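Encoded as C-alpha cells, the structure appears first; notes follow it.
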Amino acid sequence: MQLIVTAINKDYANISAVRNVSFQINSGDIFALLGPNGAGKSSIIRMLVGMTRPDSGSIMVSYQHEHYDHVPRRLLGYLPEDRGLYPDKSIEKNLLYLAQLHGLSKPKALQEMAHWLDIFELTDRRHEDLKQLSKGNQQKVQLIAAVLHRPALVILDEPFSGLDPLNQEKVVEFLKALKAQGMTVILSAHQMAMVEKLADHMLLMAQGRVILAGTLATIKQQAAPQRQIQISCTEPVTIGQLQQWLPGLSIEQQHATRFLLKLNAEQRVSATLQQLLQHLELTQVEMQTADLHQLYLSAMAQHQLTEQA
Amino acid sequence: MISRQSIIVARWEFLRFFKWKQQLISYLVMMAIMAAVALWSYFTDESRSVYRIAVPAEFNISNTGQFQFQRPTIALAEQLAQLKDAQTWHGVLTLEPASAEDSAAEHSVVLHTLAAKKWQQQLQTELTRHFRQQYATELNLSPAQLAQLEQPLALEYAYLDQSFKGKDTPEKMIALAVLILLFIGLSTAFGQVLLSITGEKQQRVTEQLYAIVTPQQWMDGKVLGHSLSAMKAMLTSALVMLLVFIVVSVVVRDDGVNLSWLNWGVLAWLLPFALLGVLLSACFMGAIAASIDDPNTSGKGAVMMITWLPMLFTYLVIDSPTGNAMTILSWLPLTSFAAMPVRLAMVDLAWWQPALSMLILLATLYWLRRLAGRIFLRGMQMYGKEPSWGQIVGWALSNKAD
C-alpha cells in the first residue's frame, strides 16, 4: 500500500492545528510522527483515521491497484491516544468482539488471538477481566486489538506511553514483527530512542508545521551538519593549547585528557587530526553523531528561535 | 439495511446487560420481598383479634366477630382508669350531646382509647352500619328499602357510535397492559443506553470503535441491542402477568385457564407498534446519550425520559378513545406507538388508519436513526466538548453525513 498526504490543513476554532503538511509512506515502512504536545500529530492521525477531514489538501491511498481518497476502515488498525476497552470483560471477549467487528470469523479470530497473546505472554490470562491487569498489560491487549485482523496500515498514537523499559522493548520487537509481515506502521511517540531503533521515515512537527522530514540519516544531515570527534590523549593539555593548535574549532573538555571537538561543514576531519598529531600523542579517537533525542531538542530550539525572530 | 457489524454490536450490547443468573436472583429476591410483605400483613392484621369495647348501658349494639360490646356499671371515670391501668377494655365509647355546629346529628360518638390503632377504622365501619340501621328503624324503613337507598345508581350506556367497542372491554385491558409493558421496557432501555454510550466514552473505547465501524453501524447496533433488552424485559413482565392471571384463575377462582378474551387481531397490530415504539425511543435515547460527554455533569440525561410521555399522555385520555386528543396522539409519529394500539383496541378503525400511522412511524424511525448516527459522529469530533441544543437542532435539520 502507499499513502500520500498532500498539503493538508486543519483548523479548530481559532487554532491552526495542521499547516500545509505533506508526506508519503510506502508499503512496509515504519513512519514516525514526532513533536511536542500540541504539535499536530494527533490531528493528523485523526484525519488519517477519518474522524475528521482536512480543511484542504488530500489523503490518497493506493492498495492492490485500488485508489481511495481516504484510508478505508478495512485496511486500518488503530491504537488511539485516549484508549480503553471494556474493563469488566475478559481479554478474550474484548479481543473477540473487536476481531469480529473487523470481519474475522470466530475460529480465525481465536487463532490470531492465540498468536499475539503468546507473543505478549498473556495466554494464561486470557480469561481474566481487563480491570485485573496492570496498565502495561492492558496496553498490550490494546496493541493486539489494533493488529488482530492484520491490517495493511497500523496507526499507533503513543504506543510506548505507560510502559516500563522492558515492555517498551517488547513493543519495539512487536513493531518490527509487523514490519516483517508487510504491515505499514505510522506511530507518534516521545520516546526518541525507541523511534530511532524503528522508524524508516519520520516527520518532526511543531505548531502544526513540518520542521524536519525524511530518514534518520537525512534528518541528521539537515539538523546536525556539525560533526563531533572525541579524542583522548596521553598527557593533560588545556583548552587554550588546543584552541591555539586548532583555530576556529569549538572544543569541549570532558576530562583532563579527553576532549570533544566540534567541526563545522568546512572543517575536515583528516586535517584536524593531522594538526593535532603534530602536538599530541592520541590514545583514542571516536567520531560521534548526535542521537535523535539531541536532534529533536536542537531542532525544536532552532524552531523557537526562528518563530521569535 | 442493517449491516453485519451492527448485528455484532447489537449482540454484544444485549449480552453485556443480559446476566440471567443475576436476573433470576432478582426475581427470587422480589418474590421473597412480596412473601415477607404478605406474611407481615397477615401477622399484623388486627381484624382477626377480638376487641372489648365498653359502651353505655342504653347503647343497643350487637356483638360482632371482632368486637364485644360490654356495658359496665361503674362510672365513666373509673372505666377510663381501668382502660388506662389494666386495659380491661380496648376502648370506651360514650355518646355525648351534639355540638351546636353539628345540628344534623342528635349526638356525637366519642371513642376513648390509649392511642390510634388500625382496628379503630373497622370499629367505625361497624358503628356506621349500626347507626344507619337505627335511623332506618326510626324512619320505619324495611331492610329492602334501606338496601335500595344504599344502592348506587346503575347507569347503563347505549353508545350510538358503532365503531366504539365499549368502555371496559378486554381489549382495553390488553392496551393498558401494553402501555405498562412499554413503560417497563423503556425504563430498562433508558438506563442501559445511558450507561452503555456514556460508559464507552468514559472508558475511551469509542475512538477505537470508530476506526472499525461507521457511526451509523455503531448507533444501529446500540439501538438494536438495547431494544432487544427492552423487549426481553417486556416479555419477562408479560410472562409474569400471565403467570399471575393463571394462578388467580386456577388457584383463587378455581375457574381454569380461559384465554378466549384475547383478541388476536388487535394483538397483531399491537405488537409491531410496540416494537417500533421501542426502536424509536431507543434511537432518541441513543441520540441524546451520544451528545453527553460526561453523565456526571451533563443535564441532558433527564431529557431521555421524554420517551415516557407517549404512554402517560395516552393513559390520560384512555377513557376518551374517540376524542380529538387520542386521535392526534395516534397520528403523531412520536406518540402513535402508544396511542394507536389503544385506539385500535377500543375503536373499530379502517385498516388503512393503523397502516398509515405505522408508515409515518417507520419514516420517523428511519430519520431519527440517521440523526442519532450524525449526533454520535459530530459529538466525537468535538473532543470532550458537549454540543449545545442549538447545534443538535442544526444537525437534525442538516442532511450532511459528516
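Ordering of the C-alpha cells sets the chain letters (A, B, ...); residue numbers start at 1 within each chain; ligands are numbered from 1 in the order shown.
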
Using only C-alpha atoms, which residues of chain B come within 10 Å of chain A, and what is the closest atom pair for each, with the distance in Å to one decimal? Give it as a tab-separated table, sorted by chain and residue number.
residue	atom	partner	partner_atom	distance
B:Arg4	CA	A:Leu101	CA	8.2
B:Gln5	CA	A:Leu101	CA	5.5
B:Ser6	CA	A:Leu101	CA	8.7
B:Ile7	CA	A:Leu101	CA	9.5
B:Ile8	CA	A:Leu101	CA	6.7
B:Val9	CA	A:Leu101	CA	7.8
B:Arg11	CA	A:Tyr97	CA	9.8
B:Trp12	CA	A:Tyr97	CA	7.5
B:Arg16	CA	A:Lys89	CA	8.8
B:Gly199	CA	A:Tyr86	CA	9.2
B:Glu200	CA	A:Tyr86	CA	7.8
B:Lys201	CA	A:Gly84	CA	9.3
B:Gln202	CA	A:Gly84	CA	8.7
B:Gln203	CA	A:Gly84	CA	5.4
B:Arg204	CA	A:Gly84	CA	4.7
B:Val205	CA	A:Gly84	CA	5.0
B:Thr206	CA	A:Arg83	CA	8.5
B:Glu207	CA	A:Pro80	CA	6.6
B:Gln208	CA	A:Pro80	CA	6.3
B:Leu209	CA	A:Leu98	CA	7.9
B:Tyr210	CA	A:Met51	CA	7.6
B:Ala211	CA	A:Arg73	CA	6.1
B:Ile212	CA	A:Arg73	CA	5.8
B:Val213	CA	A:Leu101	CA	7.3
B:Thr214	CA	A:Arg73	CA	8.7
B:Pro215	CA	A:Met51	CA	9.9
B:Leu377	CA	A:Met51	CA	7.9
B:Arg378	CA	A:Met51	CA	9.3
B:Met380	CA	A:Met51	CA	7.9
B:Gln381	CA	A:Met51	CA	6.7
B:Met382	CA	A:Tyr12	CA	9.5
B:Asp402	CA	A:Thr52	CA	8.6

Since we have the selection now, will you write its residues out, keeping N, CA, C and O atoms, as a short mmCIF file (atom, residue, chain, number, x, y, z; two decimals), in the first residue's frame?
data_model
loop_
_atom_site.label_atom_id
_atom_site.label_comp_id
_atom_site.auth_asym_id
_atom_site.auth_seq_id
_atom_site.Cartn_x
_atom_site.Cartn_y
_atom_site.Cartn_z
N ARG B 4 -23.71 -6.35 9.06
CA ARG B 4 -23.24 -7.43 9.93
C ARG B 4 -22.62 -6.84 11.20
O ARG B 4 -22.81 -7.37 12.29
N GLN B 5 -21.87 -5.75 11.01
CA GLN B 5 -21.23 -5.11 12.16
C GLN B 5 -22.26 -4.63 13.19
O GLN B 5 -22.06 -4.77 14.39
N SER B 6 -23.38 -4.09 12.67
CA SER B 6 -24.44 -3.61 13.59
C SER B 6 -25.00 -4.78 14.39
O SER B 6 -25.29 -4.64 15.58
N ILE B 7 -25.14 -5.92 13.72
CA ILE B 7 -25.68 -7.11 14.42
C ILE B 7 -24.69 -7.53 15.51
O ILE B 7 -25.11 -7.89 16.62
N ILE B 8 -23.38 -7.47 15.19
CA ILE B 8 -22.37 -7.87 16.20
C ILE B 8 -22.42 -6.91 17.39
O ILE B 8 -22.39 -7.33 18.55
N VAL B 9 -22.53 -5.60 17.10
CA VAL B 9 -22.63 -4.61 18.19
C VAL B 9 -23.90 -4.89 19.01
O VAL B 9 -23.87 -4.88 20.25
N ARG B 11 -25.56 -7.67 19.41
CA ARG B 11 -25.41 -8.89 20.20
C ARG B 11 -24.57 -8.61 21.44
O ARG B 11 -24.89 -9.04 22.55
N TRP B 12 -23.47 -7.89 21.22
CA TRP B 12 -22.56 -7.54 22.33
C TRP B 12 -23.31 -6.73 23.40
O TRP B 12 -23.23 -7.01 24.59
N ARG B 16 -24.16 -7.96 27.07
CA ARG B 16 -23.44 -7.21 28.10
C ARG B 16 -24.33 -6.98 29.31
O ARG B 16 -23.88 -6.95 30.43
N GLY B 199 -20.67 5.34 29.05
CA GLY B 199 -19.63 4.49 29.65
C GLY B 199 -18.51 4.23 28.66
O GLY B 199 -17.33 4.31 28.99
N GLU B 200 -18.88 3.95 27.41
CA GLU B 200 -17.86 3.71 26.38
C GLU B 200 -17.02 4.95 26.16
O GLU B 200 -15.82 4.87 25.93
N LYS B 201 -17.67 6.11 26.23
CA LYS B 201 -16.91 7.36 26.07
C LYS B 201 -15.91 7.50 27.20
O LYS B 201 -14.77 7.87 27.00
N GLN B 202 -16.39 7.23 28.42
CA GLN B 202 -15.52 7.41 29.58
C GLN B 202 -14.41 6.36 29.62
O GLN B 202 -13.32 6.64 30.10
N GLN B 203 -14.71 5.17 29.12
CA GLN B 203 -13.68 4.12 29.11
C GLN B 203 -12.79 4.23 27.88
O GLN B 203 -11.93 3.38 27.66
N ARG B 204 -13.00 5.25 27.07
CA ARG B 204 -12.17 5.53 25.89
C ARG B 204 -12.22 4.41 24.86
O ARG B 204 -11.22 4.12 24.21
N VAL B 205 -13.36 3.78 24.72
CA VAL B 205 -13.48 2.71 23.73
C VAL B 205 -13.96 3.29 22.40
O VAL B 205 -13.68 2.75 21.33
N THR B 206 -14.67 4.41 22.50
CA THR B 206 -15.38 4.94 21.34
C THR B 206 -14.48 5.21 20.14
O THR B 206 -14.81 4.85 19.02
N GLU B 207 -13.31 5.84 20.40
CA GLU B 207 -12.44 6.22 19.28
C GLU B 207 -11.92 4.97 18.56
O GLU B 207 -11.79 4.96 17.34
N GLN B 208 -11.64 3.95 19.35
CA GLN B 208 -11.15 2.70 18.76
C GLN B 208 -12.25 2.06 17.89
O GLN B 208 -11.99 1.58 16.80
N LEU B 209 -13.48 2.09 18.42
CA LEU B 209 -14.59 1.50 17.67
C LEU B 209 -14.85 2.28 16.38
O LEU B 209 -15.22 1.71 15.37
N TYR B 210 -14.62 3.61 16.47
CA TYR B 210 -14.87 4.44 15.29
C TYR B 210 -13.99 4.01 14.11
O TYR B 210 -14.39 4.12 12.95
N ALA B 211 -12.79 3.53 14.43
CA ALA B 211 -11.88 3.12 13.36
C ALA B 211 -12.31 1.79 12.74
O ALA B 211 -11.77 1.38 11.73
N ILE B 212 -13.28 1.13 13.38
CA ILE B 212 -13.70 -0.19 12.88
C ILE B 212 -15.07 -0.11 12.20
O ILE B 212 -15.27 -0.68 11.14
N VAL B 213 -16.00 0.58 12.86
CA VAL B 213 -17.36 0.64 12.29
C VAL B 213 -17.75 2.10 12.06
O VAL B 213 -17.21 3.00 12.70
N THR B 214 -18.70 2.30 11.17
CA THR B 214 -19.16 3.67 10.92
C THR B 214 -20.05 4.11 12.08
O THR B 214 -20.63 3.25 12.77
N PRO B 215 -20.18 5.41 12.30
CA PRO B 215 -21.07 5.88 13.39
C PRO B 215 -22.48 5.31 13.25
O PRO B 215 -23.12 4.98 14.23
N LEU B 377 -21.39 11.00 15.56
CA LEU B 377 -20.18 11.39 14.83
C LEU B 377 -19.77 12.82 15.21
O LEU B 377 -18.61 13.07 15.55
N ARG B 378 -20.73 13.74 15.16
CA ARG B 378 -20.40 15.14 15.45
C ARG B 378 -19.92 15.31 16.89
O ARG B 378 -19.03 16.08 17.17
N MET B 380 -18.36 13.14 18.63
CA MET B 380 -16.98 12.64 18.72
C MET B 380 -15.99 13.66 18.20
O MET B 380 -14.89 13.80 18.71
N GLN B 381 -16.39 14.37 17.15
CA GLN B 381 -15.47 15.34 16.54
C GLN B 381 -15.25 16.56 17.44
O GLN B 381 -14.35 17.34 17.20
N MET B 382 -16.09 16.69 18.46
CA MET B 382 -15.95 17.87 19.33
C MET B 382 -14.95 17.64 20.46
O MET B 382 -14.60 18.56 21.19
N ASP B 402 -21.40 13.91 7.34
CA ASP B 402 -20.34 14.25 8.29
C ASP B 402 -19.82 15.65 8.01
O ASP B 402 -20.24 16.31 7.09
#

**Request:** Considering only C-alpha atoms, return as a list of chain:residue names whatever protein or nucleic-acid residues lie within 10 Å of B:His90, sequence-local ones (same chain, fewer than 2 positions apart) excluded.
**Result:** B:Val50, B:Tyr51, B:Arg52, B:Ile53, B:Ala54, B:Phe67, B:Leu83, B:Lys84, B:Gln87, B:Thr88, B:Val92, B:Leu111, B:His112, B:Thr113, B:Leu114, B:Ala115, B:Trp119, B:Gln120

**Request:** Could you give me the residues within stretch 115-150 of chain B that DSSP places in helix (DSSP H, G or I), as a ChimeraX atom specification?
**Result:** /B:119-138,143-150

If you take only C-alpha atoms and a cut-off of 9 Å, which residues of stretch 12-130 of chain A touch stretch 171-192 of chain A, and what are their nearest atom pairs and distances in Å to one decimal, in chain and number order, as a tab-separated table?
residue	atom	partner	partner_atom	distance
A:Ile25	CA	A:Thr184	CA	8.0
A:Asn26	CA	A:Thr184	CA	7.3
A:Ser27	CA	A:Thr184	CA	5.4
A:Gly28	CA	A:Thr184	CA	4.3
A:Asp29	CA	A:Thr184	CA	5.1
A:Ile30	CA	A:Val185	CA	4.7
A:Phe31	CA	A:Ile186	CA	4.7
A:Ala32	CA	A:Leu187	CA	4.9
A:Leu33	CA	A:Ser188	CA	4.6
A:Leu34	CA	A:Ser188	CA	5.9
A:Gly35	CA	A:His190	CA	7.3
A:Pro36	CA	A:His190	CA	7.6
A:Lys41	CA	A:Ser188	CA	6.8
A:Ser42	CA	A:Ser188	CA	7.9
A:Ile45	CA	A:Ile186	CA	8.6
A:Ile119	CA	A:Phe174	CA	8.2
A:Phe120	CA	A:Phe174	CA	8.7

**Asked** Could you work out how far atom CA of A:Asn37 lies from atom CA of A:Arg19, giving the answer in Å with one decimal?
**Response** 15.7 Å

**Request:** Kindly give the distance, in Å, that separates atom CA of B:Val240 and atom CA of B:Ile306, rounded to a single decimal.
**Result:** 26.8 Å

**Request:** Find the residue from A:Ile4, A:Gly240, A:Lys140, A:Trp245 that sits nearest to A:Thr272; use only C-alpha atoms when measuring.
**Result:**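 With only C-alpha atoms as the atom set, the closest residue is A:Trp245.
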
**strand (DSSP E or B) residues, from DSSP on the backbone, in stretch 104-266 of chain B, as a list of chain:residue names** =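 Taking stretch 104-266 of chain B and keeping strand (DSSP E or B) only, one gets B:His107, B:Ser108, B:Val109, B:Val110, B:Leu111, B:His112, B:Phe164.
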
Take the residues that were just selected and, keeping C-alpha atoms, output them as a PDB file, in the first residue's frame.
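New file again39.pdb:
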ATOM      1  CA  HIS B 107     -75.314  13.192  69.490  1.00  0.00           C
ATOM      2  CA  SER B 108     -71.667  12.670  68.778  1.00  0.00           C
ATOM      3  CA  VAL B 109     -69.893   9.404  69.467  1.00  0.00           C
ATOM      4  CA  VAL B 110     -66.549   9.534  71.296  1.00  0.00           C
ATOM      5  CA  LEU B 111     -64.119   6.632  71.488  1.00  0.00           C
ATOM      6  CA  HIS B 112     -61.708   6.848  74.413  1.00  0.00           C
ATOM      7  CA  PHE B 164     -66.737   2.293  19.676  1.00  0.00           C
TER       8      PHE B 164
END

**Residue nearest B:Phe273 among B:Ile246, B:Leu334, B:Lys300, B:Leu127 (counting only C-alpha atoms)** =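 Comparing B:Ile246, B:Leu334, B:Lys300, B:Leu127 against B:Phe273, the winner is B:Leu334.
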
**Request:** Fewer than 4 positions away in the same chain doesn't count, so skip those; otherwise give me all residues within 8 Å of B:Tyr315, counting only C-alpha atoms, as a PyMOL selection string.
**Result:** chain B and resi 176+179+311
